[in-house]
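Q: What follows is protein_7.tsv, made up of TSV, N, CA and C atoms:
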chain	number	residue	atom	x	y	z
P	1093	GLN	N	0.85	-1.19	0.00
P	1093	GLN	CA	0.00	0.00	0.00
P	1093	GLN	C	0.88	1.24	0.00
P	1094	VAL	N	0.63	2.12	-0.93
P	1094	VAL	CA	1.41	3.35	-1.04
P	1094	VAL	C	0.83	4.41	-0.12
P	1095	GLN	N	1.70	5.01	0.66
P	1095	GLN	CA	1.27	6.08	1.55
P	1095	GLN	C	2.20	7.27	1.42
P	1096	LEU	N	1.62	8.45	1.43
P	1096	LEU	CA	2.39	9.70	1.36
P	1096	LEU	C	1.99	10.56	2.55
P	1097	VAL	N	2.99	11.07	3.25
P	1097	VAL	CA	2.73	11.90	4.42
P	1097	VAL	C	3.54	13.18	4.30
P	1098	GLU	N	2.84	14.31	4.23
P	1098	GLU	CA	3.49	15.61	4.12
P	1098	GLU	C	3.77	16.18	5.51
P	1099	SER	N	4.81	16.99	5.59
P	1099	SER	CA	5.13	17.70	6.82
P	1099	SER	C	5.84	19.00	6.46
P	1100	GLY	N	5.93	19.89	7.43
P	1100	GLY	CA	6.68	21.12	7.23
P	1100	GLY	C	5.84	22.35	6.98
P	1101	GLY	N	4.53	22.17	6.87
P	1101	GLY	CA	3.68	23.33	6.66
P	1101	GLY	C	3.60	24.18	7.91
P	1102	GLY	N	3.02	25.34	7.77
P	1102	GLY	CA	2.88	26.23	8.91
P	1102	GLY	C	2.65	27.65	8.44
P	1103	SER	N	2.98	28.58	9.31
P	1103	SER	CA	2.79	29.99	9.02
P	1103	SER	C	4.12	30.67	8.75
P	1104	ALA	N	4.09	31.65	7.88
P	1104	ALA	CA	5.30	32.40	7.56
P	1104	ALA	C	4.92	33.81	7.17
P	1105	GLN	N	5.86	34.71	7.30
P	1105	GLN	CA	5.68	36.08	6.82
P	1105	GLN	C	6.09	36.13	5.35
P	1106	ALA	N	5.53	37.07	4.63
P	1106	ALA	CA	5.93	37.27	3.24
P	1106	ALA	C	7.43	37.51	3.17
P	1107	GLY	N	8.06	36.85	2.22
P	1107	GLY	CA	9.50	36.97	2.07
P	1107	GLY	C	10.30	35.89	2.77
P	1108	GLU	N	9.66	35.17	3.68
P	1108	GLU	CA	10.34	34.10	4.40
P	1108	GLU	C	10.32	32.79	3.59
P	1109	SER	N	10.91	31.78	4.19
P	1109	SER	CA	11.03	30.49	3.52
P	1109	SER	C	10.40	29.38	4.36
P	1110	LEU	N	9.94	28.35	3.69
P	1110	LEU	CA	9.47	27.12	4.32
P	1110	LEU	C	9.89	25.95	3.44
P	1111	THR	N	10.11	24.81	4.07
P	1111	THR	CA	10.41	23.60	3.30
P	1111	THR	C	9.41	22.52	3.67
P	1112	LEU	N	8.75	21.98	2.68
P	1112	LEU	CA	7.82	20.88	2.86
P	1112	LEU	C	8.52	19.57	2.49
P	1113	THR	N	8.19	18.53	3.22
P	1113	THR	CA	8.75	17.22	2.94
P	1113	THR	C	7.63	16.19	2.87
P	1114	CYS	N	7.76	15.28	1.95
P	1114	CYS	CA	6.77	14.22	1.79
P	1114	CYS	C	7.49	12.87	1.89
P	1115	ALA	N	7.10	12.09	2.87
P	1115	ALA	CA	7.66	10.75	3.04
P	1115	ALA	C	6.78	9.75	2.32
P	1116	VAL	N	7.38	8.98	1.43
P	1116	VAL	CA	6.64	8.02	0.62
P	1116	VAL	C	6.99	6.60	1.06
P	1117	SER	N	6.01	5.81	1.36
P	1117	SER	CA	6.22	4.40	1.69
P	1117	SER	C	5.43	3.52	0.74
P	1118	GLY	N	5.93	2.31	0.50
P	1118	GLY	CA	5.25	1.39	-0.40
P	1118	GLY	C	5.54	1.64	-1.87
P	1119	PHE	N	6.41	2.58	-2.18
P	1119	PHE	CA	6.77	2.90	-3.55
P	1119	PHE	C	8.21	3.37	-3.56
P	1120	SER	N	9.08	2.60	-4.16
P	1120	SER	CA	10.51	2.91	-4.14
P	1120	SER	C	10.90	3.80	-5.31
P	1121	PHE	N	11.61	4.88	-5.03
P	1121	PHE	CA	12.08	5.77	-6.09
P	1121	PHE	C	13.14	5.09	-6.94
P	1122	THR	N	13.90	4.19	-6.36
P	1122	THR	CA	14.99	3.55	-7.09
P	1122	THR	C	14.52	2.38	-7.94
P	1123	SER	N	13.34	1.87	-7.67
P	1123	SER	CA	12.85	0.70	-8.39
P	1123	SER	C	11.80	1.03	-9.44
P	1124	ASN	N	11.36	2.29	-9.45
P	1124	ASN	CA	10.27	2.65	-10.35
P	1124	ASN	C	10.58	3.95	-11.08
P	1125	PHE	N	10.21	4.01	-12.35
P	1125	PHE	CA	10.19	5.29	-13.05
P	1125	PHE	C	8.92	6.02	-12.62
P	1126	ALA	N	9.09	7.24	-12.21
P	1126	ALA	CA	7.92	7.95	-11.71
P	1126	ALA	C	8.15	9.45	-11.71
P	1127	TYR	N	7.07	10.16	-11.50
P	1127	TYR	CA	7.12	11.60	-11.26
P	1127	TYR	C	6.62	11.83	-9.84
P	1128	LEU	N	7.31	12.71	-9.17
P	1128	LEU	CA	6.90	13.15	-7.83
P	1128	LEU	C	6.45	14.59	-7.96
P	1129	GLY	N	5.27	14.88	-7.48
P	1129	GLY	CA	4.74	16.22	-7.67
P	1129	GLY	C	4.26	16.88	-6.40
P	1130	TRP	N	4.25	18.20	-6.44
P	1130	TRP	CA	3.62	19.01	-5.40
P	1130	TRP	C	2.50	19.81	-6.04
P	1131	PHE	N	1.36	19.80	-5.40
P	1131	PHE	CA	0.20	20.53	-5.84
P	1131	PHE	C	-0.30	21.40	-4.69
P	1132	ARG	N	-1.13	22.36	-5.00
P	1132	ARG	CA	-1.70	23.18	-3.93
P	1132	ARG	C	-3.12	23.61	-4.29
P	1133	GLN	N	-3.88	23.85	-3.26
P	1133	GLN	CA	-5.25	24.30	-3.45
P	1133	GLN	C	-5.55	25.41	-2.46
P	1134	ALA	N	-5.81	26.58	-2.98
P	1134	ALA	CA	-6.19	27.72	-2.16
P	1134	ALA	C	-7.71	27.72	-1.98
P	1135	PRO	N	-8.20	28.35	-0.94
P	1135	PRO	CA	-9.65	28.40	-0.72
P	1135	PRO	C	-10.39	28.96	-1.91
P	1136	GLY	N	-11.41	28.25	-2.36
P	1136	GLY	CA	-12.22	28.71	-3.47
P	1136	GLY	C	-11.60	28.51	-4.84
P	1137	LYS	N	-10.45	27.88	-4.89
P	1137	LYS	CA	-9.77	27.67	-6.18
P	1137	LYS	C	-9.56	26.18	-6.44
P	1138	GLU	N	-9.29	25.86	-7.68
P	1138	GLU	CA	-8.99	24.49	-8.04
P	1138	GLU	C	-7.55	24.14	-7.66
P	1139	ARG	N	-7.33	22.86	-7.49
P	1139	ARG	CA	-5.97	22.41	-7.18
P	1139	ARG	C	-5.10	22.60	-8.41
P	1140	GLU	N	-3.88	23.08	-8.19
P	1140	GLU	CA	-2.97	23.36	-9.29
P	1140	GLU	C	-1.62	22.71	-9.05
P	1141	GLY	N	-0.97	22.34	-10.14
P	1141	GLY	CA	0.37	21.78	-10.05
P	1141	GLY	C	1.39	22.86	-9.77
P	1142	VAL	N	2.30	22.60	-8.86
P	1142	VAL	CA	3.33	23.56	-8.46
P	1142	VAL	C	4.69	23.15	-9.00
P	1143	ALA	N	5.06	21.90	-8.76
P	1143	ALA	CA	6.38	21.43	-9.19
P	1143	ALA	C	6.36	19.92	-9.33
P	1144	SER	N	7.21	19.43	-10.20
P	1144	SER	CA	7.34	17.98	-10.35
P	1144	SER	C	8.80	17.64	-10.61
P	1145	ILE	N	9.15	16.40	-10.29
P	1145	ILE	CA	10.51	15.93	-10.54
P	1145	ILE	C	10.44	14.49	-11.00
P	1146	ARG	N	11.25	14.17	-11.98
P	1146	ARG	CA	11.27	12.83	-12.54
P	1146	ARG	C	12.32	12.01	-11.83
P	1147	THR	N	11.96	10.85	-11.32
P	1147	THR	CA	12.87	10.10	-10.46
P	1147	THR	C	14.12	9.63	-11.19
P	1148	GLN	N	14.02	9.30	-12.46
P	1148	GLN	CA	15.16	8.68	-13.13
P	1148	GLN	C	16.27	9.66	-13.47
P	1149	ASP	N	15.98	10.94	-13.58
P	1149	ASP	CA	17.02	11.88	-13.98
P	1149	ASP	C	16.94	13.25	-13.32
P	1150	ASN	N	16.06	13.40	-12.33
P	1150	ASN	CA	15.91	14.65	-11.60
P	1150	ASN	C	15.40	15.80	-12.46
P	1151	PHE	N	14.84	15.51	-13.60
P	1151	PHE	CA	14.29	16.59	-14.42
P	1151	PHE	C	13.12	17.21	-13.68
P	1152	ALA	N	13.15	18.53	-13.50
P	1152	ALA	CA	12.13	19.23	-12.73
P	1152	ALA	C	11.36	20.20	-13.61
P	1153	ASP	N	10.11	20.41	-13.21
P	1153	ASP	CA	9.26	21.36	-13.90
P	1153	ASP	C	8.51	22.19	-12.86
P	1154	TYR	N	8.24	23.44	-13.18
P	1154	TYR	CA	7.62	24.34	-12.22
P	1154	TYR	C	6.50	25.14	-12.88
P	1155	ALA	N	5.51	25.46	-12.08
P	1155	ALA	CA	4.51	26.42	-12.53
P	1155	ALA	C	5.17	27.78	-12.64
P	1156	ASP	N	4.71	28.58	-13.56
P	1156	ASP	CA	5.31	29.91	-13.75
P	1156	ASP	C	5.25	30.75	-12.49
P	1157	SER	N	4.20	30.55	-11.70
P	1157	SER	CA	4.00	31.38	-10.50
P	1157	SER	C	5.04	31.12	-9.42
P	1158	VAL	N	5.74	29.99	-9.50
P	1158	VAL	CA	6.71	29.66	-8.44
P	1158	VAL	C	8.12	29.50	-8.99
P	1159	LYS	N	8.27	29.60	-10.28
P	1159	LYS	CA	9.59	29.43	-10.89
P	1159	LYS	C	10.57	30.43	-10.30
P	1160	ASP	N	11.75	29.99	-10.02
P	1160	ASP	CA	12.83	30.79	-9.43
P	1160	ASP	C	12.62	31.08	-7.95
P	1161	ARG	N	11.53	30.60	-7.36
P	1161	ARG	CA	11.31	30.76	-5.91
P	1161	ARG	C	11.24	29.42	-5.19
P	1162	PHE	N	10.70	28.41	-5.87
P	1162	PHE	CA	10.53	27.09	-5.26
P	1162	PHE	C	11.51	26.11	-5.90
P	1163	THR	N	11.96	25.15	-5.11
P	1163	THR	CA	12.86	24.11	-5.61
P	1163	THR	C	12.39	22.76	-5.12
P	1164	ILE	N	12.20	21.83	-6.05
P	1164	ILE	CA	11.79	20.48	-5.70
P	1164	ILE	C	13.01	19.57	-5.75
P	1165	SER	N	13.07	18.62	-4.81
P	1165	SER	CA	14.19	17.69	-4.79
P	1165	SER	C	13.73	16.35	-4.22
P	1166	GLN	N	14.50	15.31	-4.52
P	1166	GLN	CA	14.16	13.99	-4.02
P	1166	GLN	C	15.36	13.40	-3.29
P	1167	ASP	N	15.10	12.56	-2.33
P	1167	ASP	CA	16.13	11.89	-1.57
P	1167	ASP	C	15.88	10.39	-1.69
P	1168	PHE	N	16.76	9.72	-2.45
P	1168	PHE	CA	16.57	8.29	-2.68
P	1168	PHE	C	16.74	7.48	-1.40
P	1169	ALA	N	17.67	7.87	-0.58
P	1169	ALA	CA	17.94	7.12	0.64
P	1169	ALA	C	16.76	7.15	1.60
P	1170	LYS	N	16.10	8.30	1.66
P	1170	LYS	CA	14.99	8.46	2.60
P	1170	LYS	C	13.62	8.24	1.93
P	1171	ASN	N	13.62	8.13	0.61
P	1171	ASN	CA	12.37	8.01	-0.15
P	1171	ASN	C	11.44	9.19	0.14
P	1172	THR	N	12.01	10.38	0.07
P	1172	THR	CA	11.24	11.58	0.32
P	1172	THR	C	11.37	12.55	-0.85
P	1173	VAL	N	10.40	13.42	-0.96
P	1173	VAL	CA	10.45	14.51	-1.93
P	1173	VAL	C	10.17	15.80	-1.16
P	1174	SER	N	10.96	16.81	-1.43
P	1174	SER	CA	10.86	18.06	-0.68
P	1174	SER	C	10.56	19.22	-1.61
P	1175	LEU	N	9.98	20.26	-1.03
P	1175	LEU	CA	9.72	21.49	-1.77
P	1175	LEU	C	10.23	22.63	-0.92
P	1176	GLU	N	11.31	23.24	-1.35
P	1176	GLU	CA	11.85	24.41	-0.68
P	1176	GLU	C	11.19	25.63	-1.28
P	1177	MET	N	10.57	26.42	-0.42
P	1177	MET	CA	9.82	27.58	-0.88
P	1177	MET	C	10.46	28.84	-0.32
P	1178	ASP	N	11.02	29.64	-1.19
P	1178	ASP	CA	11.66	30.89	-0.80
P	1178	ASP	C	10.82	32.07	-1.27
P	1179	SER	N	11.11	33.22	-0.69
P	1179	SER	CA	10.41	34.46	-1.07
P	1179	SER	C	8.90	34.24	-1.11
P	1180	LEU	N	8.39	33.67	-0.04
P	1180	LEU	CA	6.96	33.37	0.00
P	1180	LEU	C	6.13	34.64	-0.11
P	1181	ALA	N	4.99	34.49	-0.77
P	1181	ALA	CA	4.05	35.59	-0.94
P	1181	ALA	C	2.68	35.15	-0.41
P	1182	THR	N	1.83	36.12	-0.14
P	1182	THR	CA	0.51	35.78	0.39
P	1182	THR	C	-0.27	34.88	-0.56
P	1183	GLU	N	0.01	35.02	-1.84
P	1183	GLU	CA	-0.67	34.20	-2.85
P	1183	GLU	C	-0.26	32.73	-2.77
P	1184	ASP	N	0.78	32.43	-2.01
P	1184	ASP	CA	1.21	31.03	-1.85
P	1184	ASP	C	0.41	30.31	-0.77
P	1185	THR	N	-0.44	31.03	-0.08
P	1185	THR	CA	-1.27	30.41	0.96
P	1185	THR	C	-2.19	29.37	0.34
P	1186	ALA	N	-2.08	28.14	0.83
P	1186	ALA	CA	-2.86	27.03	0.26
P	1186	ALA	C	-2.59	25.76	1.07
P	1187	MET	N	-3.40	24.75	0.77
P	1187	MET	CA	-3.09	23.40	1.24
P	1187	MET	C	-2.18	22.78	0.19
P	1188	TYR	N	-1.07	22.24	0.62
P	1188	TYR	CA	-0.10	21.65	-0.30
P	1188	TYR	C	-0.14	20.13	-0.20
P	1189	TYR	N	-0.17	19.50	-1.36
P	1189	TYR	CA	-0.25	18.04	-1.45
P	1189	TYR	C	0.93	17.49	-2.24
P	1190	CYS	N	1.46	16.37	-1.80
P	1190	CYS	CA	2.43	15.67	-2.64
P	1190	CYS	C	1.73	14.50	-3.32
P	1191	ALA	N	2.28	14.09	-4.44
P	1191	ALA	CA	1.64	13.04	-5.23
P	1191	ALA	C	2.69	12.27	-6.03
P	1192	VAL	N	2.32	11.06	-6.41
P	1192	VAL	CA	3.20	10.20	-7.21
P	1192	VAL	C	2.46	9.72	-8.45
P	1193	ALA	N	3.13	9.85	-9.57
P	1193	ALA	CA	2.61	9.31	-10.83
P	1193	ALA	C	3.56	8.21	-11.28
P	1194	ASP	N	3.08	6.98	-11.37
P	1194	ASP	CA	3.95	5.87	-11.76
P	1194	ASP	C	3.99	5.77	-13.28
P	1195	SER	N	4.63	6.77	-13.85
P	1195	SER	CA	4.70	6.89	-15.30
P	1195	SER	C	6.14	7.18	-15.71
P	1196	TYR	N	6.55	6.62	-16.84
P	1196	TYR	CA	7.91	6.85	-17.32
P	1196	TYR	C	8.07	8.24	-17.92
P	1197	PHE	N	7.03	8.71	-18.62
P	1197	PHE	CA	7.15	10.01	-19.28
P	1197	PHE	C	5.81	10.72	-19.29
P	1198	LEU	N	5.77	11.92	-18.77
P	1198	LEU	CA	4.56	12.72	-18.78
P	1198	LEU	C	4.68	13.95	-19.69
P	1199	GLY	N	5.88	14.34	-19.97
P	1199	GLY	CA	6.08	15.49	-20.83
P	1199	GLY	C	5.43	16.74	-20.29
P	1200	ALA	N	4.63	17.38	-21.11
P	1200	ALA	CA	3.98	18.63	-20.72
P	1200	ALA	C	2.87	18.42	-19.68
P	1201	SER	N	2.57	17.18	-19.36
P	1201	SER	CA	1.50	16.88	-18.39
P	1201	SER	C	2.04	16.61	-16.99
P	1202	SER	N	3.29	16.95	-16.74
P	1202	SER	CA	3.89	16.61	-15.45
P	1202	SER	C	3.27	17.37	-14.29
P	1203	LEU	N	2.51	18.42	-14.57
P	1203	LEU	CA	1.85	19.17	-13.51
P	1203	LEU	C	0.33	19.01	-13.60
P	1204	THR	N	-0.10	17.99	-14.29
P	1204	THR	CA	-1.54	17.72	-14.45
P	1204	THR	C	-2.02	16.77	-13.37
P	1205	GLU	N	-2.97	17.21	-12.61
P	1205	GLU	CA	-3.46	16.46	-11.45
P	1205	GLU	C	-3.92	15.05	-11.81
P	1206	SER	N	-4.59	14.91	-12.90
P	1206	SER	CA	-5.18	13.61	-13.25
P	1206	SER	C	-4.15	12.54	-13.59
P	1207	LYS	N	-2.91	12.94	-13.81
P	1207	LYS	CA	-1.86	11.99	-14.14
P	1207	LYS	C	-1.29	11.30	-12.91
P	1208	TYR	N	-1.63	11.80	-11.73
P	1208	TYR	CA	-1.04	11.32	-10.49
P	1208	TYR	C	-1.99	10.36	-9.78
P	1209	LYS	N	-1.41	9.24	-9.36
P	1209	LYS	CA	-2.22	8.15	-8.82
P	1209	LYS	C	-2.30	8.15	-7.31
P	1210	TYR	N	-1.21	8.51	-6.66
P	1210	TYR	CA	-1.14	8.43	-5.19
P	1210	TYR	C	-1.01	9.83	-4.62
P	1211	TRP	N	-1.72	10.08	-3.52
P	1211	TRP	CA	-1.78	11.41	-2.95
P	1211	TRP	C	-1.65	11.38	-1.43
P	1212	GLY	N	-1.04	12.44	-0.91
P	1212	GLY	CA	-1.01	12.62	0.52
P	1212	GLY	C	-2.23	13.39	0.99
P	1213	GLN	N	-2.30	13.59	2.29
P	1213	GLN	CA	-3.46	14.27	2.89
P	1213	GLN	C	-3.33	15.78	2.88
P	1214	GLY	N	-2.13	16.27	2.67
P	1214	GLY	CA	-1.93	17.71	2.58
P	1214	GLY	C	-1.37	18.33	3.84
P	1215	THR	N	-0.73	19.47	3.66
P	1215	THR	CA	-0.22	20.27	4.77
P	1215	THR	C	-0.48	21.73	4.46
P	1216	GLN	N	-0.94	22.48	5.45
P	1216	GLN	CA	-1.36	23.86	5.23
P	1216	GLN	C	-0.17	24.81	5.30
P	1217	VAL	N	-0.13	25.73	4.36
P	1217	VAL	CA	0.85	26.81	4.36
P	1217	VAL	C	0.08	28.12	4.35
P	1218	THR	N	0.38	28.98	5.32
P	1218	THR	CA	-0.28	30.26	5.42
P	1218	THR	C	0.78	31.35	5.45
P	1219	VAL	N	0.69	32.28	4.52
P	1219	VAL	CA	1.65	33.36	4.41
P	1219	VAL	C	0.94	34.67	4.67
P	1220	SER	N	1.44	35.43	5.61
P	1220	SER	CA	0.84	36.71	5.94
P	1220	SER	C	1.77	37.85	5.56
P	1221	SER	N	1.18	39.00	5.32
P	1221	SER	CA	1.97	40.16	4.89
P	1221	SER	C	2.50	40.94	6.06
Will you turn the file into structure tokens for me?
A:
Amino acid sequence: QVQLVESGGGSAQAGESLTLTCAVSGFSFTSNFAYLGWFRQAPGKEREGVASIRTQDNFADYADSVKDRFTISQDFAKNTVSLEMDSLATEDTAMYYCAVADSYFLGASSLTESKYKYWGQGTQVTVSS
């Protein structure tokens, strides 16, 4: 059974940094080709893709709204995926979810919610001005 557990959410002031971590069990990064993704959903809005990373070569993709501010990374030894968020803005306030897509290649769909099979429960990030 695949399980994803996010941690690291909380409150921050605009301009500060937070790092989210997702621990994945039941799915090995070293044994499977996959994409690891971070998504977020703000109140009253649809869930959107934030960042993704391909396990086999660390190829990363970002939404335009977070490019150059957020960094996604994976740790094979710990089977975790992290999202370092710098220069946070109030617009980054949302529930953040990690997800796994057991796919070899997603191309331009790497930030598409429907491509991801396994999901965590989410962690809240609140940014105040």
Q: Show me the residues close to (6.2, 10.0, 1.4) - anything with an atom within 12 Å, counting only C-alpha atoms - and format the list as a ChimeraX atom specification.
A: /P:1093-1099,1112-1121,1128-1130,1166-1168,1170-1174,1189-1192,1210-1214
Q: Suppose you want the space between CA of Leu1180 in chain P and CA of Gln1148 in chain P; what is it in Å?
A: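 Atom-to-atom, CA of Leu1180 in chain P to CA of Gln1148 in chain P, that is 29.1 Å.
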Q: Would you please work out which residue, of P:Ala1200, P:Val1217, P:Ala1152, P:Ala1186, is nearest to Arg1139 in chain P when using only C-alpha atoms?
A: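 Under the stated criterion, the closest residue is P:Ala1186.
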Q: Please run DSSP on the backbone and report, as a VMD selection string, all residues within chain P that come out as strand (DSSP E or B).
A: chain P and resid 1095 to 1099 1102 to 1105 1110 to 1117 1127 to 1133 1140 to 1146 1152 to 1154 1162 to 1167 1172 to 1177 1186 to 1193 1210 to 1211 1215 to 1220
Q: Box time for range 1176-1182 of chain P: axis-aligned, enclosing all its listed atoms, 5 Å extra on each side; report centre and edge lengths in Å to one decimal, as lines of an AutoDock Vina configuration file.
A:
center_x = 5.8
center_y = 29.7
center_z = -0.5
size_x = 22.1
size_y = 22.9
size_z = 11.7
Q: In Å to one decimal, how far is CA of Gly1141 in chain P from CA of Tyr1154 in chain P?
A: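 CA of Gly1141 in chain P lies at a distance of 8.0 Å from CA of Tyr1154 in chain P.
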Q: List the residues sitting within 8 Å of (-2.3, 31.0, -4.5) in the file's frame, using only N, CA and C atoms, as a list in words.
A: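 Taken together, the residues in range are Arg1132, Gln1133, Ala1134, Pro1135, Ala1181, Thr1182, Glu1183, Asp1184, Thr1185 and Ala1186 of chain P.
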Q: For the residues in that selection, give me N, CA and C atoms as a PDB file, keeping the file's coordinate frame.
A:
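The new file out-v9.pdb reads:
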ATOM      1  N   ARG P1132      -1.130  22.360  -5.000  1.00  0.00           N
ATOM      2  CA  ARG P1132      -1.700  23.180  -3.930  1.00  0.00           C
ATOM      3  C   ARG P1132      -3.120  23.610  -4.290  1.00  0.00           C
ATOM      4  N   GLN P1133      -3.880  23.850  -3.260  1.00  0.00           N
ATOM      5  CA  GLN P1133      -5.250  24.300  -3.450  1.00  0.00           C
ATOM      6  C   GLN P1133      -5.550  25.410  -2.460  1.00  0.00           C
ATOM      7  N   ALA P1134      -5.810  26.580  -2.980  1.00  0.00           N
ATOM      8  CA  ALA P1134      -6.190  27.720  -2.160  1.00  0.00           C
ATOM      9  C   ALA P1134      -7.710  27.720  -1.980  1.00  0.00           C
ATOM     10  N   PRO P1135      -8.200  28.350  -0.940  1.00  0.00           N
ATOM     11  CA  PRO P1135      -9.650  28.400  -0.720  1.00  0.00           C
ATOM     12  C   PRO P1135     -10.390  28.960  -1.910  1.00  0.00           C
ATOM     13  N   ALA P1181       4.990  34.490  -0.770  1.00  0.00           N
ATOM     14  CA  ALA P1181       4.050  35.590  -0.940  1.00  0.00           C
ATOM     15  C   ALA P1181       2.680  35.150  -0.410  1.00  0.00           C
ATOM     16  N   THR P1182       1.830  36.120  -0.140  1.00  0.00           N
ATOM     17  CA  THR P1182       0.510  35.780   0.390  1.00  0.00           C
ATOM     18  C   THR P1182      -0.270  34.880  -0.560  1.00  0.00           C
ATOM     19  N   GLU P1183       0.010  35.020  -1.840  1.00  0.00           N
ATOM     20  CA  GLU P1183      -0.670  34.200  -2.850  1.00  0.00           C
ATOM     21  C   GLU P1183      -0.260  32.730  -2.770  1.00  0.00           C
ATOM     22  N   ASP P1184       0.780  32.430  -2.010  1.00  0.00           N
ATOM     23  CA  ASP P1184       1.210  31.030  -1.850  1.00  0.00           C
ATOM     24  C   ASP P1184       0.410  30.310  -0.770  1.00  0.00           C
ATOM     25  N   THR P1185      -0.440  31.030  -0.080  1.00  0.00           N
ATOM     26  CA  THR P1185      -1.270  30.410   0.960  1.00  0.00           C
ATOM     27  C   THR P1185      -2.190  29.370   0.340  1.00  0.00           C
ATOM     28  N   ALA P1186      -2.080  28.140   0.830  1.00  0.00           N
ATOM     29  CA  ALA P1186      -2.860  27.030   0.260  1.00  0.00           C
ATOM     30  C   ALA P1186      -2.590  25.760   1.070  1.00  0.00           C
TER      31      ALA P1186
END
Q: Please, what distance in Å, to one decimal, runs between atom C of Ser1221 in chain P and atom N of Asp1178 in chain P?
A: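 Answer for the atom C of Ser1221 in chain P to atom N of Asp1178 in chain P separation: 15.9 Å.
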Q: Could you give me the residues within chain P that DSSP places in helix (DSSP H, G or I), as a list of chain:residue names?
A: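 Put together, the selection reads P:Thr1182, P:Glu1183, P:Asp1184, P:Gly1199, P:Ala1200, P:Ser1201, P:Glu1205, P:Ser1206, P:Lys1207.
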